[in-house]
Amino acid sequence: MDHHLLAIRVFNRVVETGGFTRAADSLRMPKATVTKLIQSLEDHLQTKLFQRTTRSVSVTAEGECYYQRTVKWLAELEQMEGCLTESQSSPQGVLRIDAGGSTARQLLLPALPGFFARYPQIQIDLSVSDRIIDLISDSADCVIRSGPLADSSLIARRLFELDWVTCATPAYLARHGTPHHPCSLEQGYPLAHYRHALNDRIHPLHFVDRGKEIDIQQRYPVSVNEGNALLAAGLAGLGIIQTFRFMAQPHLDSGELVSLLHDWQPPPEQMYVVYPSNRHLSGKLRAFIDWAVETFQG
C-alpha cells in the first residue's frame with residue numbers, strides 16, 4: 001500500500017509539473033524512480049496514463065480522469081493525517097517560502113525570530129528573488145508577492161500595503177534640475193527603470209493625482225530586474241527611480257535621496273501570502289500564514 005500510495009502521489013506531481021524531470025526535481029528523487037513508479041501504476045491500473053515522446057509528456061483522457069479523482073482523495077487523506085498529527089504535537093518540518101529580495105531582507109527576516117520563538121520545530125527554506133515562481137513545480141509552500149492573482153487556482157491572504165516614493169540623489173538634481181510635474185520627466189531627465197523578472201518588460205514610472213494617471217517611459221541609461229538593484233541605481237545617481245518607501249526611507253532620512261513629485265504618488269501596493277488552493281493546508285503552513293497575517297497587519 002505504501003508503494004502504491006507513493007506512486008499515486010508521484011503521478012499527481014507529474015501531472016501538476018508537466019514532466020517527469022520537473023516532478024523528480026520537486027520531489028527530490030531520481031527521475032528513474034519516478035519513471036518506475038509511473039510504470040508500476042500503469043501496470044496496476046492496466047491503463048496508459050501519459051503519452052510520452054522524446055520531447056513531451058501529455059496526460060491521456062484516462063490519466064486526467066484518474067488525476068481529478070485522486071487529487072481530491074489525497075487532499076482528504078492529508079487533511080485527516082494532519083489533524084491526527086497536529087493533535088499530538090506542535091507544527092514541525094520544513095516550510096519552503098519564496099519572497100522578493102527587499103521584502104525578505106527588510107521585512108520578513110527581521111520578523112522571523114518571533115516566529116521561531118513560537119514554532120521552534122519548524123524550519124524555513126527561504127528562496128529570495130523577484131522572479132515569479134510556479135508554486136507546484138518549484139516546490140514552494142507559499143510565496144509573498146504583490147498585485148492581483150493571475151492564477152485562479154491560488155489563494156491569497158493580504159498582509160500589508162507598501163507606499164511608493166519617487167526619488168533621486170541631490171547630485172542628480174543639481175545636474176538636471178528638480179521636476180515639478182511628471183510630464184517634465186520627458187524633457188531630458190534620465191530614469192532608472194525596473195524590468196519585470198517574468199516577461200522582461202519595462203515598468204514605466206506611474207503617477208496618479210485625483211484620478212488622473214500618467215505613465216512615463218523613455219530612453220534610460222539602465223534598467224534592472226530586482227528591487228535592491230534599482231535602489232542601488234538610484235543611489236548611484238543613474239536616474240530618478242520609483243521604489244517602495246520602506247526601502248528608500250533610510251536614505252531619505254540621511255539625505256542621500258530626495259523625494260520628488262509628492263502629489264503624484266501611485267496608490268499603495270498590496271502584498272499577499274499566496275498558496276495553492278488544491279494543496280492541503282498543513283499545520284506548519286497554517287501556522288506561518290496566521291503568524292504572518294497577525295504580524296504584518298499589526
# chains A, B, ... in the order shown; residues from 1 in each chain; ligands from 1

call {"tool": "closest_atom_pairs", "arguments": {"of": "range 215-279 of chain A", "to": "range 197-209 of chain A", "cutoff": "10 Å", "atoms": "only C-alpha atoms", "output": "CSV"}}
result
residue,atom,partner,partner_atom,distance
A:Asp215,CA,A:His206,CA,4.7
A:Ile216,CA,A:Leu205,CA,5.1
A:Gln217,CA,A:Pro204,CA,4.7
A:Gln218,CA,A:Pro204,CA,8.2
A:Ser223,CA,A:Ile202,CA,7.7
A:Val224,CA,A:Ala197,CA,8.8
A:Asn225,CA,A:Ala197,CA,5.3
A:Glu226,CA,A:Ala197,CA,7.5
A:Ile240,CA,A:Leu205,CA,9.3
A:Ile241,CA,A:Leu205,CA,7.9
A:Gln242,CA,A:Leu205,CA,6.4
A:Thr243,CA,A:Leu205,CA,9.5
A:Leu261,CA,A:Phe207,CA,8.7
A:His262,CA,A:Asp209,CA,9.7
A:Asp263,CA,A:Asp209,CA,6.4
A:Trp264,CA,A:Val208,CA,4.9
A:Gln265,CA,A:Phe207,CA,5.4
A:Pro266,CA,A:Val208,CA,5.0
A:Pro267,CA,A:Val208,CA,7.5

call {"tool": "write_last_selection", "arguments": {"atoms": "N, CA and C atoms", "output": "compact mmCIF listing (two decimals), in the first residue's frame"}}
result
# COMPACT_ATOMS: atom_id res chain seq x y z
N ASP A 215 1.85 57.70 -17.18
CA ASP A 215 2.96 56.75 -17.21
C ASP A 215 4.10 57.35 -18.02
N ILE A 216 5.29 57.27 -17.47
CA ILE A 216 6.47 57.82 -18.13
C ILE A 216 7.46 56.70 -18.39
N GLN A 217 7.74 56.47 -19.66
CA GLN A 217 8.79 55.51 -20.05
C GLN A 217 9.54 56.10 -21.23
N GLN A 218 10.83 56.19 -21.11
CA GLN A 218 11.63 56.78 -22.16
C GLN A 218 13.00 56.14 -22.17
N SER A 223 18.35 49.65 -16.74
CA SER A 223 17.16 49.02 -16.17
C SER A 223 17.62 47.78 -15.41
N VAL A 224 16.89 47.39 -14.38
CA VAL A 224 17.25 46.23 -13.56
C VAL A 224 16.00 45.42 -13.27
N ASN A 225 16.19 44.14 -12.92
CA ASN A 225 15.03 43.28 -12.66
C ASN A 225 14.96 42.83 -11.19
N GLU A 226 15.53 43.65 -10.29
CA GLU A 226 15.50 43.31 -8.87
C GLU A 226 15.45 44.60 -8.07
N ILE A 240 16.32 58.97 -11.92
CA ILE A 240 15.20 59.02 -10.99
C ILE A 240 14.60 57.62 -10.90
N ILE A 241 14.28 57.17 -9.70
CA ILE A 241 13.69 55.85 -9.52
C ILE A 241 12.35 55.96 -8.81
N GLN A 242 11.53 54.95 -8.99
CA GLN A 242 10.28 54.81 -8.24
C GLN A 242 10.34 53.47 -7.52
N THR A 243 10.31 53.50 -6.19
CA THR A 243 10.53 52.29 -5.41
C THR A 243 9.63 52.32 -4.18
N LEU A 261 7.87 64.86 -6.50
CA LEU A 261 6.51 64.75 -7.03
C LEU A 261 5.56 64.11 -6.01
N HIS A 262 5.53 64.67 -4.80
CA HIS A 262 4.78 64.10 -3.69
C HIS A 262 3.29 63.94 -4.00
N ASP A 263 2.73 64.89 -4.75
CA ASP A 263 1.29 64.86 -5.02
C ASP A 263 0.91 63.85 -6.10
N TRP A 264 1.89 63.19 -6.68
CA TRP A 264 1.62 62.30 -7.82
C TRP A 264 2.00 60.84 -7.53
N GLN A 265 2.06 60.45 -6.29
CA GLN A 265 2.44 59.08 -6.00
C GLN A 265 1.31 58.13 -6.32
N PRO A 266 1.63 56.94 -6.88
CA PRO A 266 0.60 55.95 -7.18
C PRO A 266 0.03 55.35 -5.91
N PRO A 267 -1.13 54.68 -5.99
CA PRO A 267 -1.71 54.07 -4.79
C PRO A 267 -0.81 52.98 -4.23

call {"tool": "select_by_dssp", "arguments": {"residues": "range 153-294 of chain A", "states": "strand (DSSP E or B)", "output": "PyMOL selection string"}}
result
chain A and resi 154-162+164-168+191-195+202-203+205-209+212-216+222-224+240-244+258-260+269-276

call {"tool": "write_last_selection", "arguments": {"atoms": "N, CA and C atoms", "output": "short mmCIF file (atom, residue, chain, number, x, y, z; two decimals), in the first residue's frame"}}
result
data_model
loop_
_atom_site.label_atom_id
_atom_site.label_comp_id
_atom_site.auth_asym_id
_atom_site.auth_seq_id
_atom_site.Cartn_x
_atom_site.Cartn_y
_atom_site.Cartn_z
N LEU A 154 -4.95 29.70 -7.08
CA LEU A 154 -4.20 30.13 -5.91
C LEU A 154 -5.09 30.90 -4.93
N ILE A 155 -4.70 30.88 -3.69
CA ILE A 155 -5.39 31.63 -2.65
C ILE A 155 -4.43 32.67 -2.09
N ALA A 156 -4.92 33.88 -1.84
CA ALA A 156 -4.09 34.97 -1.33
C ALA A 156 -4.68 35.53 -0.05
N ARG A 157 -3.82 35.70 0.97
CA ARG A 157 -4.21 36.39 2.19
C ARG A 157 -3.43 37.70 2.25
N ARG A 158 -4.14 38.80 2.43
CA ARG A 158 -3.50 40.10 2.44
C ARG A 158 -2.66 40.26 3.70
N LEU A 159 -1.44 40.78 3.53
CA LEU A 159 -0.54 41.00 4.66
C LEU A 159 -0.41 42.48 5.02
N PHE A 160 -0.08 43.31 4.02
CA PHE A 160 0.14 44.73 4.29
C PHE A 160 0.16 45.47 2.97
N GLU A 161 0.26 46.78 3.03
CA GLU A 161 0.40 47.58 1.83
C GLU A 161 1.67 48.41 1.91
N LEU A 162 2.23 48.69 0.74
CA LEU A 162 3.50 49.40 0.67
C LEU A 162 3.33 50.68 -0.14
N TRP A 164 4.66 53.93 -2.29
CA TRP A 164 5.69 54.21 -3.28
C TRP A 164 6.33 55.58 -3.00
N VAL A 165 7.53 55.76 -3.51
CA VAL A 165 8.17 57.07 -3.49
C VAL A 165 9.00 57.21 -4.77
N THR A 166 8.97 58.41 -5.32
CA THR A 166 9.82 58.75 -6.47
C THR A 166 10.96 59.60 -5.94
N CYS A 167 12.18 59.26 -6.30
CA CYS A 167 13.30 59.96 -5.67
C CYS A 167 14.56 59.94 -6.54
N ALA A 168 15.50 60.78 -6.14
CA ALA A 168 16.81 60.88 -6.82
C ALA A 168 17.81 61.46 -5.84
N LEU A 191 16.09 58.29 -16.40
CA LEU A 191 15.35 57.47 -15.46
C LEU A 191 16.03 56.11 -15.33
N ALA A 192 15.94 55.52 -14.15
CA ALA A 192 16.37 54.13 -13.97
C ALA A 192 15.10 53.30 -13.82
N HIS A 193 14.91 52.34 -14.72
CA HIS A 193 13.64 51.60 -14.78
C HIS A 193 13.76 50.22 -14.14
N TYR A 194 12.63 49.74 -13.63
CA TYR A 194 12.51 48.36 -13.17
C TYR A 194 12.02 47.51 -14.34
N ARG A 195 12.69 46.38 -14.55
CA ARG A 195 12.33 45.45 -15.63
C ARG A 195 11.76 44.19 -15.01
N ILE A 202 9.67 46.57 -19.39
CA ILE A 202 9.99 47.73 -18.57
C ILE A 202 8.73 48.24 -17.88
N HIS A 203 8.83 48.49 -16.58
CA HIS A 203 7.74 49.12 -15.85
C HIS A 203 7.90 50.63 -15.95
N LEU A 205 7.39 54.59 -14.96
CA LEU A 205 7.08 55.30 -13.73
C LEU A 205 5.61 55.69 -13.78
N HIS A 206 4.88 55.36 -12.73
CA HIS A 206 3.43 55.52 -12.71
C HIS A 206 3.06 56.63 -11.72
N PHE A 207 2.25 57.58 -12.18
CA PHE A 207 1.86 58.72 -11.34
C PHE A 207 0.34 58.88 -11.36
N VAL A 208 -0.23 59.20 -10.20
CA VAL A 208 -1.68 59.37 -10.06
C VAL A 208 -1.96 60.59 -9.20
N ASP A 209 -2.89 61.43 -9.64
CA ASP A 209 -3.33 62.57 -8.84
C ASP A 209 -4.80 62.84 -9.15
N LYS A 212 -6.29 61.23 -12.20
CA LYS A 212 -5.53 61.36 -13.44
C LYS A 212 -4.26 60.53 -13.35
N GLU A 213 -4.02 59.71 -14.37
CA GLU A 213 -2.86 58.82 -14.37
C GLU A 213 -1.91 59.18 -15.51
N ILE A 214 -0.62 59.14 -15.21
CA ILE A 214 0.41 59.41 -16.21
C ILE A 214 1.49 58.35 -16.08
N ASP A 215 1.85 57.70 -17.18
CA ASP A 215 2.96 56.75 -17.21
C ASP A 215 4.10 57.35 -18.02
N ILE A 216 5.29 57.27 -17.47
CA ILE A 216 6.47 57.82 -18.13
C ILE A 216 7.46 56.70 -18.39
N VAL A 222 19.92 52.75 -17.60
CA VAL A 222 20.00 51.41 -17.01
C VAL A 222 18.60 50.95 -16.59
N SER A 223 18.35 49.65 -16.74
CA SER A 223 17.16 49.02 -16.17
C SER A 223 17.62 47.78 -15.41
N VAL A 224 16.89 47.39 -14.38
CA VAL A 224 17.25 46.23 -13.56
C VAL A 224 16.00 45.42 -13.27
N ILE A 240 16.32 58.97 -11.92
CA ILE A 240 15.20 59.02 -10.99
C ILE A 240 14.60 57.62 -10.90
N ILE A 241 14.28 57.17 -9.70
CA ILE A 241 13.69 55.85 -9.52
C ILE A 241 12.35 55.96 -8.81
N GLN A 242 11.53 54.95 -8.99
CA GLN A 242 10.28 54.81 -8.24
C GLN A 242 10.34 53.47 -7.52
N THR A 243 10.31 53.50 -6.19
CA THR A 243 10.53 52.29 -5.41
C THR A 243 9.63 52.32 -4.18
N PHE A 244 9.63 51.23 -3.43
CA PHE A 244 8.86 51.20 -2.20
C PHE A 244 9.50 52.11 -1.16
N VAL A 258 16.32 62.27 -2.32
CA VAL A 258 15.34 63.34 -2.13
C VAL A 258 14.03 62.89 -2.77
N SER A 259 12.93 62.99 -2.01
CA SER A 259 11.61 62.61 -2.52
C SER A 259 11.10 63.66 -3.49
N LEU A 260 10.46 63.19 -4.59
CA LEU A 260 10.00 64.08 -5.66
C LEU A 260 8.51 63.85 -5.94
N GLU A 269 0.87 49.53 -2.94
CA GLU A 269 0.90 48.16 -3.49
C GLU A 269 0.46 47.19 -2.39
N GLN A 270 -0.48 46.31 -2.73
CA GLN A 270 -0.96 45.33 -1.76
C GLN A 270 -0.07 44.09 -1.79
N MET A 271 0.35 43.63 -0.63
CA MET A 271 1.21 42.45 -0.51
C MET A 271 0.43 41.30 0.10
N TYR A 272 0.66 40.09 -0.45
CA TYR A 272 -0.11 38.92 -0.04
C TYR A 272 0.81 37.73 0.23
N VAL A 273 0.34 36.80 1.05
CA VAL A 273 0.93 35.48 1.11
C VAL A 273 0.03 34.59 0.26
N VAL A 274 0.65 33.87 -0.69
CA VAL A 274 -0.11 33.13 -1.71
C VAL A 274 0.25 31.66 -1.63
N TYR A 275 -0.77 30.80 -1.74
CA TYR A 275 -0.54 29.35 -1.69
C TYR A 275 -1.57 28.64 -2.56
N PRO A 276 -1.31 27.40 -2.97
CA PRO A 276 -2.23 26.68 -3.87
C PRO A 276 -3.54 26.32 -3.17
#

call {"tool": "closest_atom_pairs", "arguments": {"of": "range 142-217 of chain A", "to": "range 91-101 of chain A", "cutoff": "9 Å", "atoms": "only C-alpha atoms", "output": "CSV"}}
result
residue,atom,partner,partner_atom,distance
A:Cys142,CA,A:Ile97,CA,5.2
A:Val143,CA,A:Asp98,CA,4.6
A:Ile144,CA,A:Ala99,CA,5.0
A:Arg145,CA,A:Ala99,CA,6.6

call {"tool": "select_by_dssp", "arguments": {"residues": "range 6-237 of chain A", "states": "helix (DSSP H, G or I)", "output": "JSON, numbers by chain"}}
result
{"A": [6, 7, 8, 9, 10, 11, 12, 13, 14, 15, 16, 17, 20, 21, 22, 23, 24, 25, 26, 27, 31, 32, 33, 34, 35, 36, 37, 38, 39, 40, 41, 42, 43, 44, 45, 61, 62, 63, 64, 65, 66, 67, 68, 69, 70, 71, 72, 73, 74, 75, 76, 77, 78, 79, 80, 81, 82, 83, 84, 85, 86, 87, 88, 101, 102, 103, 104, 105, 106, 107, 108, 109, 110, 111, 112, 113, 114, 115, 116, 117, 118, 170, 171, 172, 173, 174, 175, 176, 182, 183, 184, 185, 186, 227, 228, 229, 230, 231, 232, 233, 234, 235]}

call {"tool": "closest_residue", "arguments": {"among": "A:Gln123, A:Thr35, A:Thr47, A:Gln249", "to": "Val10 in chain A", "atoms": "only C-alpha atoms"}}
result
A:Thr35

call {"tool": "atom_distance", "arguments": {"atom1": "CA of Asp163 in chain A", "atom2": "CA of Val128 in chain A"}}
result
21.3 Å

call {"tool": "closest_residue", "arguments": {"among": "A:Val57, A:Val14, A:Leu173, A:Leu185", "to": "Leu257 in chain A", "atoms": "only C-alpha atoms"}}
result
A:Leu173

call {"tool": "atom_distance", "arguments": {"atom1": "CA of Leu281 in chain A", "atom2": "CA of Gly19 in chain A"}}
result
24.6 Å

call {"tool": "atom_distance", "arguments": {"atom1": "CA of Leu37 in chain A", "atom2": "CA of Ala7 in chain A"}}
result
5.1 Å
